[in-house]
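Enquirer: Once you've had a glance at the structure underneath, I'll fire off some questions.
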Amino acid sequence: MDHIVNARLRGRDGLFTVRWADGAFSTIDPQAAPVPPPMPDSAALDALGKLVVPPLVEPHIHLDATLTAGEPHWNLSGTLFEGIECWTERKALVTREDTKSRAHRAIRMLAAHGVQHVRTHVDVTEPGLGTLQAMLEVREEARALADLQIVAFPQEGIESFANGCALMTEAVAMGADVVGGIPHFENTREQGVSSLHFLMDLAERHDRLVDVHCDETDDPQSRFLEVLAEITRVKGLGPRVTASHTTAMGSYDNAYCSKLFRLLKQAALNFVSCPTESIHLQGRFDTYPKRRGLTRVPELDRAGLNVCFAQDSIVDPWYPLGNGNILRVLDAGLHICHMLGYEDLQRALDFVTDHSARAMNLGEGYGIEVGRPANLVLLSAESDYEVLRTQAHAELSIVSAPRTPSLRSPS
Ligand code: 17E
Ligand code: FE2
């Protein structure tokens with residue numbers, strides 16, 4: 001196949017014929033009218049007026065922990081912290097083959113739902129870094145299905161875990177694409193702050209992106225986002241930095257938020273919200289009224305900041321469900337965030353496509369435009385609104401651009 005007829009494109013009226021050659025889009029032509037269905041042996045696909053979008057994106061998931069829920073026991077409290085305890089026990093049992101086969105299964109689930117770009121956090125609080133090594137191999141092996149970014153993620157802390165700093169430094173040397181962090185989990189506020197300085201310096205020195213699990217708690221005193229944003233502002237690294245979760249922002253008071261937002265706009269960093277995960281893990285210490293435990297997605301968006309949705313987990317110690325379908329997460333997120341207004345529905349897919357691609361710094365490697373990689377997804381509805389209303393799915397996911405070996409080869 002080398003072209004699609006009768007395609008609808010986001011943000012443009014009418015129908016289009018989209019062609020590609022040698023892995024790149026070559027022409028995108030408006031049609032005066034629907035064209036007849038192609039002959040059965042033709043190289044064309046008939047989109048029948050449905051949406052053709054760039055690949056769906058999963059900007060935050062933990063593929064090393066996927067498909068381990070209940071091993072060795074279930075997270076009964078439903079809290080983040082019991083999840084971390086379960087994972088620490090399961091982590092002691094992992095083998096390279098176990099990690100790789102579970103990650104590949106999850107990548108196949110994601111690919112079946114039209115997801116072609118994935119940023120996975122990988123726990124590096126593990127002496128020997130065997131899991132990271134396994135995931136670096138998965139990154140190369142899975143290239144035909146997905147473009148994978150690997151975050152060096154210190155699940156048990158950088159300052160609070162033995163040799164945490166050395167493990168992070170080694171993980172970057174081994175080829176992690178992105179530097180992670182977890183300041184709210186460090187033993188003290190001071191350690192949380194110094195972990196952020198450490199990881200931002202590490203990323204700057206090695207020219208890596210940054211994606212920090214930041215303030216994933218309902219504690220309104222958890223204020224590491226302001227520290228991350230200020231370091232980001234001073235270094236001028238905004239587009240390369242992502243703050244994931246920031247759920248404490250849902251519990252900050254408005255007076256503090258109005259000051260914080262001024263800084264966030266100056267820093268211009270990216271945000272990832274994991275709505276199904278956060279509605280499940282947060283609010284666990286409340287009775288009623290019960291907090292939703294999400295960051296301020298519509299407010300960040302209205303302030304001009306880049307914010308997107310992610311799944312975080314598929315069947316792991318933190319979340320027992322999930323099937324790789326990011327459109328399900330979009331549906332939940334828009335509900336939980338009070339984003340079912342008409343304007344929001346018109347552009348709902350931004351939160352699982354363009355915004356996520358921007359957070360992942362995909363640049364010109366993403367989008368349905370002439371010259372860009374000819375990767376695309378055909379959805380089963382004709383507009384963003386109808387995708388949501390009909391609970392549409394990815395009918396077809398085409399990877400036609402050859403993926404070059406990962407930017408980060410082991411050094
Ligand atoms: N680890 C963490 O700290 N937070 C999460 N939401 C998951 C893993 C899934
Ligand atoms: Fe996460």
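In the structure tokens, chains take letters A, B, ... by order of appearance, with residues numbered from 1 within each chain and ligands from 1 in the order shown.
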Residues contacting ligand 1 - anything with an atom at most 8 Å away, using only C-alpha atoms and all ligand atoms - can you give me those as a ChimeraX atom specification?

Expert: /A:61-62,80,83-84,155,182,185,213,216,245,274,277-278,281,312-313,316-319

Enquirer: From a backbone DSSP assignment, name each residue in segment 118-363 of chain A labelled helix (DSSP H, G or I), as JSON, numbers by chain.

Expert: {"A": [130, 131, 132, 133, 134, 135, 136, 137, 138, 139, 140, 141, 164, 165, 166, 167, 168, 169, 170, 171, 172, 173, 174, 183, 184, 185, 189, 190, 191, 192, 193, 194, 195, 196, 197, 198, 199, 200, 201, 202, 203, 204, 205, 206, 224, 225, 226, 227, 228, 229, 230, 231, 232, 233, 234, 235, 238, 239, 240, 247, 248, 249, 250, 254, 255, 256, 257, 258, 259, 260, 261, 262, 263, 264, 265, 266, 267, 275, 276, 277, 278, 279, 280, 281, 297, 298, 299, 300, 301, 302, 326, 327, 328, 329, 330, 331, 332, 333, 334, 335, 336, 342, 343, 344, 345, 346, 348, 349, 350, 351, 352, 354, 355, 356, 357, 358, 359, 363]}

Enquirer: Leaving out Ala248 of chain A and any residue of its chain fewer than 4 positions from it, which residues lie within 12 Å of it when counting only C-alpha atoms, given as a ChimeraX atom specification?

Expert: /A:184,213-226,243-244,252-253,256-257,273,278,282-283,291-296

Enquirer: Tell me, as a ChimeraX atom specification, which residues lie within 8 Å of segment 91-100 of chain A, counting only C-alpha atoms; anything in the same chain fewer than 5 positions away does not count.

Expert: /A:64-65,130-131,134-135,138

Enquirer: Have a look at A:Val272, A:Leu67, A:Ala47, A:Leu196 and name the one nearest to ligand 2; count only C-alpha atoms and all ligand atoms.

Expert: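 Looking at the shortest contact to ligand 2, the residue is A:Val272.
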
Enquirer: Name all residues at most 12 Å from Asn187 of chain A (count only C-alpha atoms; drop same-chain ones fewer than 6 positions away) and give them as a PyMOL selection string.

Expert: chain A and resi 156-161+193-195

Enquirer: Write out as JSON, numbers by chain which residues come within 9 Å of Leu396 of chain A when counting only C-alpha atoms, dropping same-chain ones fewer than 3 positions away.

Expert: {"A": [112, 113, 114, 376, 377, 378, 379]}

Enquirer: Select, from A:Val172, A:Ala255, A:Val115, A:Leu63, the residue with the minimum atom-to-atom distance to ligand 2, counting only C-alpha atoms and all ligand atoms.

Expert: A:Leu63

Enquirer: Leaving out Leu199 of chain A and any residue of its chain fewer than 6 positions from it, which residues lie within 8 Å of it when counting only C-alpha atoms, given as a list in words?

Expert: Val179, Gly180 and Gly181 of chain A

Enquirer: As a ChimeraX atom specification, list the residues of segment 22-169 of chain A assigned to strand (DSSP E or B) by DSSP on the backbone atoms of this structure.

Expert: /A:24-31,44-46,51-53,56-61,115-123,147-153

Enquirer: Go ahead and write the residues just picked, C-alpha atoms, as a PDB file, in the first residue's frame.

Expert:
ATOM      1  CA  ALA A  24       7.899   9.575   3.863  1.00  0.00           C
ATOM      2  CA  PHE A  25       4.643  11.334   2.999  1.00  0.00           C
ATOM      3  CA  SER A  26       4.966  12.582  -0.580  1.00  0.00           C
ATOM      4  CA  THR A  27       1.646  14.343  -1.317  1.00  0.00           C
ATOM      5  CA  ILE A  28      -1.451  15.320   0.655  1.00  0.00           C
ATOM      6  CA  ASP A  29      -4.080  16.392  -1.859  1.00  0.00           C
ATOM      7  CA  PRO A  30      -7.571  17.726  -1.155  1.00  0.00           C
ATOM      8  CA  GLN A  31     -10.280  15.887  -3.120  1.00  0.00           C
ATOM      9  CA  ALA A  44      -4.751   2.262  -2.216  1.00  0.00           C
ATOM     10  CA  LEU A  45      -6.823   2.000   0.922  1.00  0.00           C
ATOM     11  CA  ASP A  46     -10.275   3.627   1.150  1.00  0.00           C
ATOM     12  CA  LEU A  51      -9.924  10.076  10.399  1.00  0.00           C
ATOM     13  CA  VAL A  52      -6.317   9.431   9.498  1.00  0.00           C
ATOM     14  CA  VAL A  53      -4.067  10.632  12.313  1.00  0.00           C
ATOM     15  CA  LEU A  56      -1.090   7.468  18.881  1.00  0.00           C
ATOM     16  CA  VAL A  57       1.477   8.082  21.600  1.00  0.00           C
ATOM     17  CA  GLU A  58       2.014   6.562  25.043  1.00  0.00           C
ATOM     18  CA  PRO A  59       4.249   9.111  26.796  1.00  0.00           C
ATOM     19  CA  HIS A  60       4.389   7.472  30.238  1.00  0.00           C
ATOM     20  CA  ILE A  61       4.300   3.776  31.052  1.00  0.00           C
ATOM     21  CA  VAL A 115       0.342   3.382  19.589  1.00  0.00           C
ATOM     22  CA  GLN A 116       3.716   3.645  17.852  1.00  0.00           C
ATOM     23  CA  HIS A 117       5.663   5.962  20.172  1.00  0.00           C
ATOM     24  CA  VAL A 118       6.244   4.918  23.775  1.00  0.00           C
ATOM     25  CA  ARG A 119       8.188   6.459  26.644  1.00  0.00           C
ATOM     26  CA  THR A 120       8.800   3.854  29.308  1.00  0.00           C
ATOM     27  CA  HIS A 121      10.208   4.418  32.751  1.00  0.00           C
ATOM     28  CA  VAL A 122      12.595   1.630  33.797  1.00  0.00           C
ATOM     29  CA  ASP A 123      13.485   1.108  37.439  1.00  0.00           C
ATOM     30  CA  ASP A 147       9.697   3.761  18.795  1.00  0.00           C
ATOM     31  CA  LEU A 148      10.733   3.437  22.448  1.00  0.00           C
ATOM     32  CA  GLN A 149      12.268   6.073  24.743  1.00  0.00           C
ATOM     33  CA  ILE A 150      13.762   4.730  27.954  1.00  0.00           C
ATOM     34  CA  VAL A 151      13.736   6.746  31.163  1.00  0.00           C
ATOM     35  CA  ALA A 152      16.268   5.940  33.890  1.00  0.00           C
ATOM     36  CA  PHE A 153      13.714   5.893  36.720  1.00  0.00           C
TER      37      PHE A 153
END

Enquirer: Between A:Leu237, A:Thr276, A:Arg90, A:Leu305, which residue has the minimum interatomic distance to ligand 2, considering only C-alpha atoms and all ligand atoms?

Expert: A:Thr276
